$ cat start-v7.tsv   # TSV, C-alpha atoms
chain	number	residue	atom	x	y	z
P	1	MET	CA	0.00	0.00	0.00
P	2	ARG	CA	1.39	3.40	-0.98
P	3	SER	CA	2.03	5.93	1.72
P	4	VAL	CA	0.05	9.13	2.18
P	5	ALA	CA	3.32	11.02	1.89
P	6	LEU	CA	4.00	9.55	-1.54
P	7	LEU	CA	0.55	10.39	-2.82
P	8	SER	CA	0.80	13.91	-1.44
P	9	LEU	CA	3.75	14.49	-3.72
P	10	PHE	CA	1.38	13.83	-6.59
P	11	LEU	CA	-1.05	16.60	-5.69
P	12	GLY	CA	-2.59	15.16	-2.56
P	13	VAL	CA	-5.07	12.48	-1.70
P	14	GLY	CA	-8.52	13.05	-3.08
P	15	THR	CA	-10.83	12.24	-5.92
P	16	ALA	CA	-9.66	11.51	-9.43
P	17	THR	CA	-10.50	15.07	-10.43
P	18	ALA	CA	-7.96	17.23	-8.60
P	19	SER	CA	-8.42	20.79	-7.43
P	20	PRO	CA	-8.40	23.37	-10.26
P	21	LEU	CA	-6.03	25.45	-8.11
P	22	LYS	CA	-3.35	22.83	-8.69
P	23	ARG	CA	-4.14	22.05	-12.30
P	24	TRP	CA	-1.15	22.08	-14.62
P	25	VAL	CA	1.10	24.40	-12.60
P	26	TYR	CA	3.95	23.70	-15.00
P	27	SER	CA	1.87	25.05	-17.90
P	28	LYS	CA	3.37	28.46	-17.14
P	29	TYR	CA	6.61	27.21	-18.71
P	30	PHE	CA	7.42	26.62	-22.35
P	31	ASP	CA	6.83	22.90	-22.81
P	32	LEU	CA	10.34	21.55	-23.26
P	33	GLN	CA	9.85	17.79	-23.54
P	34	GLY	CA	12.55	15.14	-23.30
P	35	HIS	CA	11.62	12.53	-25.92
P	36	ARG	CA	11.66	9.07	-24.31
P	37	GLY	CA	13.23	10.89	-21.38
P	38	GLY	CA	15.97	12.36	-23.57
P	39	ARG	CA	17.32	9.46	-25.61
P	40	GLY	CA	20.12	11.49	-27.12
P	41	GLU	CA	21.71	11.60	-23.68
P	42	ALA	CA	20.78	8.29	-22.00
P	43	ILE	CA	19.21	4.96	-22.93
P	44	GLU	CA	15.61	5.67	-23.91
P	45	ASN	CA	12.59	5.20	-21.67
P	46	THR	CA	14.71	4.22	-18.67
P	47	LEU	CA	14.90	5.81	-15.24
P	48	PRO	CA	18.41	7.12	-16.09
P	49	ALA	CA	16.95	8.95	-19.11
P	50	PHE	CA	14.25	10.51	-16.93
P	51	ALA	CA	16.89	11.44	-14.35
P	52	TRP	CA	18.88	13.38	-16.91
P	53	GLY	CA	15.70	14.97	-18.22
P	54	LEU	CA	14.98	16.30	-14.74
P	55	ILE	CA	18.56	17.53	-14.40
P	56	ASP	CA	18.20	19.32	-17.75
P	57	GLY	CA	15.07	21.08	-16.49
P	58	VAL	CA	12.42	19.66	-18.80
P	59	THR	CA	8.83	20.76	-18.43
P	60	SER	CA	7.51	17.33	-19.45
P	61	LEU	CA	8.94	13.85	-19.38
P	62	GLU	CA	7.77	12.18	-22.58
P	63	MET	CA	7.56	8.39	-22.71
P	64	ASP	CA	5.79	5.36	-24.16
P	65	LEU	CA	3.79	2.51	-22.70
P	66	GLY	CA	3.44	-1.14	-23.61
P	67	LEU	CA	0.92	-3.46	-21.99
P	68	THR	CA	2.10	-6.95	-21.08
P	69	LYS	CA	0.20	-10.20	-21.40
P	70	ASP	CA	-0.62	-10.11	-17.69
P	71	GLY	CA	-1.80	-6.50	-17.71
P	72	HIS	CA	1.20	-4.45	-16.55
P	73	LEU	CA	2.04	-1.08	-18.10
P	74	ILE	CA	5.73	-0.91	-18.91
P	75	VAL	CA	7.70	2.12	-20.07
P	76	TRP	CA	8.75	0.88	-23.48
P	77	HIS	CA	8.40	2.19	-27.02
P	78	ASP	CA	8.37	-0.76	-29.40
P	79	GLU	CA	5.68	-3.34	-30.05
P	80	SER	CA	8.32	-6.03	-29.60
P	81	ILE	CA	11.59	-6.34	-27.68
P	82	ASP	CA	14.15	-4.81	-30.04
P	83	PRO	CA	17.47	-6.70	-30.27
P	84	THR	CA	19.31	-3.40	-30.77
P	85	LYS	CA	18.09	-2.26	-27.34
P	86	CYS	CA	17.87	-5.31	-25.07
P	87	ILE	CA	19.82	-8.45	-24.21
P	88	ASP	CA	18.39	-11.69	-22.85
P	89	THR	CA	19.85	-12.81	-19.51
P	90	LYS	CA	17.87	-15.87	-18.40
P	91	ALA	CA	14.51	-17.56	-18.63
P	92	VAL	CA	11.93	-17.02	-15.88
P	93	ILE	CA	11.38	-20.77	-15.67
P	94	GLU	CA	13.35	-23.69	-17.02
P	95	ASN	CA	12.45	-24.56	-20.60
P	96	ASP	CA	10.23	-21.50	-20.96
P	97	PRO	CA	8.83	-21.85	-24.50
P	98	MET	CA	8.87	-18.04	-24.91
P	99	PHE	CA	12.62	-17.81	-24.25
P	100	PRO	CA	14.55	-16.02	-25.65
P	101	TYR	CA	12.35	-13.00	-25.04
P	102	VAL	CA	14.19	-10.59	-27.32
P	103	GLY	CA	12.21	-10.32	-30.54
P	104	LYS	CA	8.92	-11.31	-28.91
P	105	TYR	CA	5.93	-8.97	-28.74
P	106	VAL	CA	5.26	-7.20	-25.45
P	107	ALA	CA	1.61	-8.27	-25.61
P	108	ASN	CA	2.76	-11.91	-25.47
P	109	LEU	CA	5.19	-11.53	-22.57
P	110	THR	CA	4.55	-11.35	-18.83
P	111	LEU	CA	6.09	-8.70	-16.63
P	112	ALA	CA	8.32	-11.33	-15.04
P	113	GLN	CA	9.69	-12.24	-18.46
P	114	VAL	CA	10.28	-8.60	-19.38
P	115	LYS	CA	12.07	-8.00	-16.09
P	116	THR	CA	14.81	-10.46	-17.02
P	117	LEU	CA	15.97	-8.23	-19.89
P	118	ASP	CA	19.05	-6.00	-19.82
P	119	CYS	CA	17.84	-2.91	-21.68
P	120	GLY	CA	20.58	-0.54	-20.55
P	121	SER	CA	23.77	-1.90	-22.09
P	122	LEU	CA	23.24	-1.21	-25.80
P	123	ARG	CA	23.86	2.23	-27.25
P	124	LEU	CA	21.92	2.90	-30.43
P	125	ASP	CA	24.05	3.69	-33.47
P	126	GLY	CA	21.92	6.74	-34.20
P	127	PHE	CA	22.59	8.22	-30.76
P	128	PRO	CA	26.34	7.98	-30.22
P	129	LEU	CA	26.26	10.21	-27.14
P	130	GLN	CA	23.84	7.98	-25.22
P	131	GLU	CA	25.01	7.18	-21.70
P	132	VAL	CA	24.57	3.47	-21.03
P	133	TYR	CA	23.55	2.00	-17.67
P	134	ALA	CA	24.45	-1.65	-18.06
P	135	GLY	CA	21.88	-4.11	-16.78
P	136	THR	CA	19.04	-1.62	-16.45
P	137	LYS	CA	15.63	-3.27	-16.44
P	138	VAL	CA	12.48	-1.97	-18.09
P	139	SER	CA	10.39	-0.06	-15.54
P	140	THR	CA	6.67	-0.20	-14.93
P	141	LEU	CA	4.69	3.03	-15.07
P	142	SER	CA	4.26	2.86	-11.28
P	143	GLU	CA	8.01	2.49	-10.78
P	144	MET	CA	8.62	5.54	-12.94
P	145	PHE	CA	6.17	7.64	-10.90
P	146	ASP	CA	7.81	6.42	-7.67
P	147	PHE	CA	11.24	7.44	-8.94
P	148	VAL	CA	10.11	10.93	-10.00
P	149	SER	CA	8.33	11.52	-6.68
P	150	CYS	CA	11.62	10.69	-4.96
P	151	ALA	CA	13.74	12.79	-7.31
P	152	THR	CA	11.86	16.10	-7.20
P	153	ASP	CA	9.13	18.05	-5.45
P	154	GLU	CA	8.50	20.02	-8.65
P	155	GLU	CA	5.25	19.35	-10.45
P	156	VAL	CA	6.92	18.16	-13.62
P	157	LEU	CA	4.48	17.05	-16.32
P	158	PHE	CA	4.21	13.67	-18.04
P	159	ASN	CA	3.37	13.15	-21.71
P	160	ILE	CA	2.65	9.44	-21.98
P	161	GLU	CA	1.93	7.58	-25.20
P	162	THR	CA	0.00	4.34	-25.43
P	163	LYS	CA	1.62	2.20	-28.12
P	164	ILE	CA	-1.31	0.70	-30.01
P	165	ASP	CA	-0.97	-0.49	-33.59
P	166	GLY	CA	-3.71	0.98	-35.75
P	167	ASP	CA	-2.96	-1.16	-38.79
P	168	GLN	CA	-2.18	-4.57	-37.28
P	169	ARG	CA	-4.27	-4.69	-34.13
P	170	ASN	CA	-3.22	-8.17	-33.07
P	171	LEU	CA	0.34	-6.95	-32.42
P	172	THR	CA	-0.57	-4.92	-29.33
P	173	ARG	CA	-3.19	-5.03	-26.60
P	174	SER	CA	-6.50	-3.38	-27.42
P	175	VAL	CA	-7.53	0.25	-27.05
P	176	GLU	CA	-9.91	-0.74	-24.25
P	177	ASP	CA	-7.22	-2.64	-22.36
P	178	PHE	CA	-4.78	0.27	-22.54
P	179	VAL	CA	-7.29	2.93	-21.56
P	180	LYS	CA	-8.51	0.94	-18.56
P	181	ALA	CA	-4.94	0.25	-17.45
P	182	ILE	CA	-3.82	3.89	-17.56
P	183	GLY	CA	-6.98	4.97	-15.75
P	184	ASP	CA	-6.28	2.55	-12.93
P	185	ILE	CA	-2.72	3.87	-12.43
P	186	TYR	CA	-3.61	7.54	-12.79
P	187	SER	CA	-6.36	7.13	-10.20
P	188	GLN	CA	-4.01	5.30	-7.86
P	189	TYR	CA	-1.51	8.16	-8.00
P	190	ASN	CA	-4.08	10.94	-8.39
P	191	ILE	CA	-1.87	12.28	-11.16
P	192	TRP	CA	-4.59	13.54	-13.49
P	193	ASP	CA	-3.44	17.15	-13.23
P	194	ARG	CA	0.00	16.40	-14.59
P	195	VAL	CA	-0.39	13.80	-17.29
P	196	THR	CA	-1.31	13.88	-20.98
P	197	HIS	CA	-2.48	10.79	-22.81
P	198	GLN	CA	-1.06	10.85	-26.32
P	199	SER	CA	-1.50	8.30	-29.08
P	200	PHE	CA	-1.35	7.86	-32.83
P	201	GLU	CA	-4.41	5.64	-32.38
P	202	TRP	CA	-7.09	8.29	-32.05
P	203	GLN	CA	-9.77	5.88	-30.85
P	204	ALA	CA	-7.72	5.60	-27.66
P	205	ILE	CA	-7.77	9.39	-27.34
P	206	LYS	CA	-11.54	9.50	-27.83
P	207	LEU	CA	-12.19	6.71	-25.33
P	208	SER	CA	-9.94	8.12	-22.61
P	209	LYS	CA	-11.58	11.53	-22.99
P	210	GLU	CA	-15.01	9.92	-22.64
P	211	LEU	CA	-14.08	7.86	-19.58
P	212	TYR	CA	-11.77	10.41	-17.92
P	213	PRO	CA	-12.89	13.92	-18.94
P	214	GLN	CA	-10.31	15.40	-16.57
P	215	LEU	CA	-7.47	13.80	-18.57
P	216	ARG	CA	-5.75	15.93	-21.19
P	217	THR	CA	-5.13	14.26	-24.53
P	218	SER	CA	-2.74	14.78	-27.43
P	219	ALA	CA	-3.36	13.66	-31.00
P	220	LEU	CA	-0.14	12.30	-32.49
P	221	CYS	CA	0.14	12.14	-36.27
P	222	ASP	CA	2.45	11.98	-39.25
P	223	ASP	CA	2.23	11.29	-42.98
P	224	SER	CA	1.81	7.56	-42.45
P	225	THR	CA	-1.17	7.81	-40.08
P	226	ILE	CA	-3.36	10.60	-41.46
P	227	TYR	CA	-4.21	8.81	-44.70
P	228	LYS	CA	-5.44	5.38	-45.70
P	229	ARG	CA	-2.51	3.16	-46.65
P	230	LEU	CA	-1.62	2.52	-50.29
P	231	ASP	CA	-2.45	-0.72	-52.08
P	232	GLY	CA	-0.34	-3.51	-50.64
P	233	GLY	CA	-0.30	-1.87	-47.21
P	234	LYS	CA	2.51	0.56	-47.97
P	235	ALA	CA	2.53	3.81	-45.99
P	236	GLY	CA	2.21	7.05	-47.89
P	237	ASN	CA	3.23	10.66	-47.38
P	238	LEU	CA	1.89	14.13	-48.13
P	239	THR	CA	2.30	13.69	-51.88
P	240	ILE	CA	1.52	9.97	-52.39
P	241	HIS	CA	-1.15	8.33	-50.27
P	242	GLY	CA	-4.38	6.44	-50.24
P	243	LYS	CA	-7.84	7.98	-50.10
P	244	GLY	CA	-10.43	7.57	-47.39
P	245	PRO	CA	-10.45	7.09	-43.62
P	246	SER	CA	-7.18	6.18	-41.95
P	247	ASN	CA	-6.97	3.10	-39.74
P	248	TRP	CA	-5.31	5.28	-37.09
P	249	LEU	CA	-7.78	8.17	-36.85
P	250	ALA	CA	-10.88	6.51	-35.41
P	251	GLY	CA	-12.53	6.34	-38.83
P	252	ILE	CA	-11.79	9.96	-39.71
P	253	ASP	CA	-11.08	11.02	-43.29
P	254	ILE	CA	-9.16	14.28	-42.93
P	255	ASP	CA	-10.15	15.36	-46.45
P	256	THR	CA	-13.75	15.75	-45.26
P	257	PHE	CA	-12.67	18.73	-43.13
P	258	PRO	CA	-12.46	22.25	-44.60
P	259	GLY	CA	-9.14	23.88	-45.31
P	260	ASN	CA	-6.86	24.71	-48.20
P	261	THR	CA	-3.91	22.87	-46.64
P	262	VAL	CA	-3.34	19.50	-45.03
P	263	GLY	CA	-2.23	21.29	-41.86
P	264	GLU	CA	-5.59	23.02	-41.49
P	265	ARG	CA	-7.52	19.80	-42.00
P	266	VAL	CA	-5.35	17.85	-39.56
P	267	ALA	CA	-5.89	20.50	-36.89
P	268	ARG	CA	-9.66	20.42	-37.40
P	269	ALA	CA	-9.66	16.63	-37.28
P	270	ALA	CA	-7.83	16.68	-33.93
P	271	ALA	CA	-10.30	19.23	-32.58
P	272	SER	CA	-13.18	16.98	-33.62
P	273	ILE	CA	-12.06	14.31	-31.12
P	274	LYS	CA	-11.73	16.99	-28.41
P	275	ALA	CA	-7.96	16.66	-28.12
P	276	ASP	CA	-6.23	19.32	-26.04
P	277	PHE	CA	-2.99	19.15	-28.00
P	278	LEU	CA	-1.89	18.33	-31.52
P	279	SER	CA	1.48	16.57	-31.74
P	280	PRO	CA	2.59	16.31	-35.38
P	281	VAL	CA	5.86	15.11	-36.85
P	282	VAL	CA	8.06	18.07	-37.83
P	283	THR	CA	9.34	16.90	-41.20
P	284	SER	CA	7.15	15.30	-43.86
P	285	TYR	CA	8.19	11.89	-45.10
P	286	ALA	CA	7.80	13.35	-48.59
P	287	SER	CA	11.03	15.33	-48.03
P	288	LYS	CA	13.99	14.47	-50.20
P	289	VAL	CA	16.29	11.87	-48.63
P	290	GLY	CA	18.89	13.70	-46.56
P	291	ALA	CA	16.88	16.93	-46.46
P	292	ASP	CA	16.42	17.09	-42.70
P	293	ASP	CA	15.83	20.77	-41.98
P	294	PRO	CA	14.56	24.01	-43.57
P	295	ASN	CA	18.03	25.01	-44.75
P	296	GLU	CA	18.30	22.02	-47.09
P	297	LYS	CA	16.83	21.78	-50.58
P	298	GLY	CA	13.97	19.31	-50.78
P	299	TRP	CA	12.86	19.70	-47.17
P	300	ILE	CA	9.06	19.65	-46.72
P	301	ALA	CA	7.42	20.63	-43.46
P	302	PHE	CA	4.60	18.58	-42.00
P	303	THR	CA	4.21	21.01	-39.08
P	304	ASN	CA	3.62	24.40	-40.68
P	305	GLN	CA	2.19	27.84	-40.04
P	306	THR	CA	-1.34	27.06	-41.25
P	307	MET	CA	-1.49	24.03	-38.97
P	308	VAL	CA	-0.37	26.01	-35.94
P	309	ASP	CA	-2.66	28.96	-36.66
P	310	THR	CA	-5.68	26.74	-37.22
P	311	ALA	CA	-5.02	24.67	-34.13
P	312	HIS	CA	-4.68	27.82	-32.00
P	313	SER	CA	-7.93	29.21	-33.41
P	314	LEU	CA	-9.63	26.00	-32.24
P	315	GLY	CA	-8.08	26.08	-28.77
P	316	LEU	CA	-5.45	23.39	-29.35
P	317	GLN	CA	-1.78	23.77	-28.53
P	318	VAL	CA	0.81	22.35	-30.93
P	319	LYS	CA	3.80	20.32	-29.69
P	320	PRO	CA	5.74	18.69	-32.55
P	321	TRP	CA	8.17	15.78	-32.51
P	322	THR	CA	11.08	14.93	-32.78
P	323	ALA	CA	13.12	18.10	-33.26
P	324	ASN	CA	16.85	17.40	-33.01
P	325	ARG	CA	18.46	20.26	-34.93
P	326	LYS	CA	18.90	23.88	-33.87
P	327	SER	CA	17.60	25.00	-37.28
P	328	ILE	CA	14.46	22.92	-36.69
P	329	HIS	CA	14.09	24.42	-33.20
P	330	GLU	CA	14.39	27.90	-34.68
P	331	TYR	CA	11.82	27.12	-37.36
P	332	LEU	CA	9.29	25.74	-34.87
P	333	LEU	CA	9.70	28.68	-32.53
P	334	SER	CA	9.20	31.07	-35.46
P	335	ILE	CA	5.79	29.57	-36.31
P	336	GLY	CA	4.63	29.77	-32.70
P	337	VAL	CA	4.52	26.22	-31.38
P	338	ASP	CA	3.67	25.73	-27.71
P	339	GLY	CA	6.23	23.04	-26.97
P	340	ILE	CA	8.90	20.92	-28.61
P	341	ILE	CA	9.66	17.22	-28.13
P	342	THR	CA	13.38	16.54	-28.56
P	343	ASP	CA	15.92	13.80	-27.96
P	344	TYR	CA	18.33	16.51	-26.78
P	345	PRO	CA	16.58	18.57	-24.09
P	346	HIS	CA	19.92	19.93	-22.88
P	347	GLU	CA	20.61	21.48	-26.29
P	348	LEU	CA	17.12	22.91	-26.73
P	349	ARG	CA	17.31	24.32	-23.21
P	350	ARG	CA	20.54	26.15	-24.12
P	351	LEU	CA	18.86	27.72	-27.15
P	352	LEU	CA	15.82	28.81	-25.14
P	353	GLU	CA	18.04	30.25	-22.42
P	354	HIS	CA	20.05	32.15	-25.01
P	355	LYS	CA	16.89	33.69	-26.45
P	356	GLY	CA	15.82	34.75	-22.98
P	357	THR	CA	12.14	35.15	-23.85
P	358	TYR	CA	10.81	31.72	-22.88
P	359	PRO	CA	9.86	30.85	-19.28
P	360	LEU	CA	11.68	27.65	-18.34
P	361	ALA	CA	11.20	25.09	-15.61
P	362	PRO	CA	13.84	24.90	-12.87
P	363	LYS	CA	16.68	22.43	-13.31
P	364	GLY	CA	16.78	19.47	-10.96
P	365	ASP	CA	18.98	18.85	-7.94
P	366	VAL	CA	21.70	16.55	-9.30
P	367	ASP	CA	22.62	14.98	-5.96
P	368	ARG	CA	19.02	14.25	-5.02
P	369	ILE	CA	18.14	12.90	-8.47
P	370	MET	CA	21.16	10.63	-8.66
P	371	GLY	CA	20.56	9.41	-5.12
P	372	CYS	CA	17.01	8.45	-6.06
P	373	LEU	CA	18.23	6.83	-9.26
P	374	ALA	CA	20.61	4.67	-7.22
P	375	LYS	CA	17.68	3.70	-5.00
P	376	HIS	CA	15.08	3.03	-7.68
P	377	ASN	CA	16.84	1.81	-10.82
P	378	GLN	CA	16.69	-1.97	-11.14
P	379	TYR	CA	19.46	-4.06	-12.65
P	380	THR	CA	19.69	-7.61	-13.91
P	381	ASN	CA	22.20	-9.92	-12.23
P	382	LYS	CA	23.88	-10.42	-15.59
P	383	LYS	CA	24.91	-7.20	-17.33
P	384	GLY	CA	26.44	-6.27	-20.64
P	385	ASP	CA	29.99	-4.98	-20.60
P	386	GLY	CA	28.78	-1.38	-20.48
P	387	LYS	CA	30.68	-0.32	-23.58
P	388	GLY	CA	27.45	0.49	-25.33
P	389	TYR	CA	27.44	-1.74	-28.40

$ encode --input "start-v7.tsv" --output "structure tokens"
Amino acid sequence: MRSVALLSLFLGVGTATASPLKRWVYSKYFDLQGHRGGRGEAIENTLPAFAWGLIDGVTSLEMDLGLTKDGHLIVWHDESIDPTKCIDTKAVIENDPMFPYVGKYVANLTLAQVKTLDCGSLRLDGFPLQEVYAGTKVSTLSEMFDFVSCATDEEVLFNIETKIDGDQRNLTRSVEDFVKAIGDIYSQYNIWDRVTHQSFEWQAIKLSKELYPQLRTSALCDDSTIYKRLDGGKAGNLTIHGKGPSNWLAGIDIDTFPGNTVGERVARAAASIKADFLSPVVTSYASKVGADDPNEKGWIAFTNQTMVDTAHSLGLQVKPWTANRKSIHEYLLSIGVDGIITDYPHELRRLLEHKGTYPLAPKGDVDRIMGCLAKHNQYTNKKGDGKGY
């Protein structure tokens, strides 16, 4: 049973709908979000990544959730256990038919099986500055909340994505399973005032808003989810795509909404499901290969001025992902976004500090955060060598 003191750190004991006097205190800051905690700096979606996000002074810790076979929410991005991120250590039971667990789908694994994995020893090739924490286990959502409550008294926000496959629904647990599971945990911690439910699967957004009207929601989208897939199941982009309702948008066909641009129609579609935020990809997949920012020929924006202006006119804030270049940061700030999701919160923080016009959350207490990390981070008995690859 969780202590009263612990719950008080999450806005006090009370009903699921917390006092409006406490609602979203951190909304006064520009929403600097550490993507998967800040995966450019530490292994993604781990307590060490969240620790460094707090040290960097993020407004929101952004993360992903999987739902195990036995109903546990784990902080994990992929539908399956990625061999570039995790190493098997041992089977839960002798001759376990599911072993090895690497490569298996989260929906088919129990929490006990997941907890045998070393997901802190492998540095991703695309993030050469990642700090590794050899042997680190995948955390549950509850364990993440416990760590943050230990690490800071600040009312840091949480932007939490449910990973539900809109095209191949047998690969993940159902919308209903996910929405019930998050509701149970958010009620247990009385954390409604500080958490956003985001998803590419907009039916999950609609259902959570219906069941938990106090919960803020964010409509994730990109080229591959706003349109029906091409013949043969291939994903499209802004220039080549299927026609009709997308599998990801709760039956919505964005072309039925008014607007001269895709950005306008996407914003109106998100407003139609009563989302509080729109979270679009920054760069369209129609961009020329290698054209990664506005300074390069062939770059095409997915997040653009008409999208931001339309969203704001409808009462939605816009918080794009994943912005990892200073030129991209500059572009997004110039069109008036309300937050930015980045793998490098330290670097975005430096830019915002240099500009001096954006209110920023306080940086965390390094000694306290690292002390809590030492207390809460779980390790497997067998660890990788810690070299990162």

$ closest_atom_pairs --input "start-v7.tsv" --of "range 252-328 of chain P" --to "range 44-62 of chain P" --cutoff "12 Å" --atoms "all atoms listed in the file" --output "CSV"
residue,atom,partner,partner_atom,distance
P:Ser279,CA,P:Glu62,CA,11.9
P:Lys319,CA,P:Ser60,CA,11.3
P:Trp321,CA,P:Glu62,CA,10.6
P:Thr322,CA,P:Glu62,CA,11.1

$ atom_distance --input "start-v7.tsv" --atom1 "CA of Pro213 in chain P" --atom2 "CA of Lys274 in chain P"
10.0 Å

$ atom_distance --input "start-v7.tsv" --atom1 "CA of Glu94 in chain P" --atom2 "CA of Leu111 in chain P"
16.7 Å

$ atom_distance --input "start-v7.tsv" --atom1 "CA of Ser272 in chain P" --atom2 "CA of Gly259 in chain P"
14.2 Å

$ closest_atom_pairs --input "start-v7.tsv" --of "range 102-214 of chain P" --to "range 63-80 of chain P" --cutoff "6 Å" --atoms "only C-alpha atoms" --output "tab-separated table"
residue	atom	partner	partner_atom	distance
P:Gly103	CA	P:Ser80	CA	5.9
P:Lys104	CA	P:Ser80	CA	5.4
P:Tyr105	CA	P:Ser80	CA	3.9
P:Val106	CA	P:Ser80	CA	5.3
P:Ala107	CA	P:Thr68	CA	4.7
P:Asn108	CA	P:Lys69	CA	5.1
P:Leu109	CA	P:Lys69	CA	5.3
P:Thr110	CA	P:Lys69	CA	5.2
P:Ser139	CA	P:Val75	CA	5.7
P:Thr140	CA	P:Ile74	CA	4.2
P:Leu141	CA	P:Ile74	CA	5.6
P:Ile160	CA	P:Met63	CA	5.1
P:Glu161	CA	P:Asp64	CA	4.6
P:Thr162	CA	P:Leu65	CA	5.0
P:Lys163	CA	P:Leu65	CA	5.8

$ residues_around --input "start-v7.tsv" --residues "Gln203 in chain P" --least-positions-apart "6" --cutoff "10 Å" --atoms "only C-alpha atoms" --output "number ranges by chain"
P: 164, 166, 175-176, 209, 247-252, 273

$ write_last_selection --input "start-v7.tsv" --atoms "C-alpha atoms" --output "PDB file, in the coordinates of the input"
ATOM      1  CA  ILE P 164      -1.310   0.700 -30.010  1.00  0.00           C
ATOM      2  CA  GLY P 166      -3.710   0.980 -35.750  1.00  0.00           C
ATOM      3  CA  VAL P 175      -7.530   0.250 -27.050  1.00  0.00           C
ATOM      4  CA  GLU P 176      -9.910  -0.740 -24.250  1.00  0.00           C
ATOM      5  CA  LYS P 209     -11.580  11.530 -22.990  1.00  0.00           C
ATOM      6  CA  ASN P 247      -6.970   3.100 -39.740  1.00  0.00           C
ATOM      7  CA  TRP P 248      -5.310   5.280 -37.090  1.00  0.00           C
ATOM      8  CA  LEU P 249      -7.780   8.170 -36.850  1.00  0.00           C
ATOM      9  CA  ALA P 250     -10.880   6.510 -35.410  1.00  0.00           C
ATOM     10  CA  GLY P 251     -12.530   6.340 -38.830  1.00  0.00           C
ATOM     11  CA  ILE P 252     -11.790   9.960 -39.710  1.00  0.00           C
ATOM     12  CA  ILE P 273     -12.060  14.310 -31.120  1.00  0.00           C
TER      13      ILE P 273
END

$ closest_residue --input "start-v7.tsv" --among "P:Arg268, P:Ile81, P:Cys86, P:Met370" --to "Leu314 in chain P" --atoms "all atoms listed in the file"
P:Arg268

$ closest_residue --input "start-v7.tsv" --among "P:Ala301, P:Leu157, P:Gly183, P:Leu122" --to "Asp82 in chain P" --atoms "all atoms listed in the file"
P:Leu122

$ residues_around --input "start-v7.tsv" --residues "range 286-298 of chain P" --least-positions-apart "5" --cutoff "9 Å" --atoms "only C-alpha atoms" --output "PyMOL selection string"
chain P and resi 223+236-240+325+327-328+331
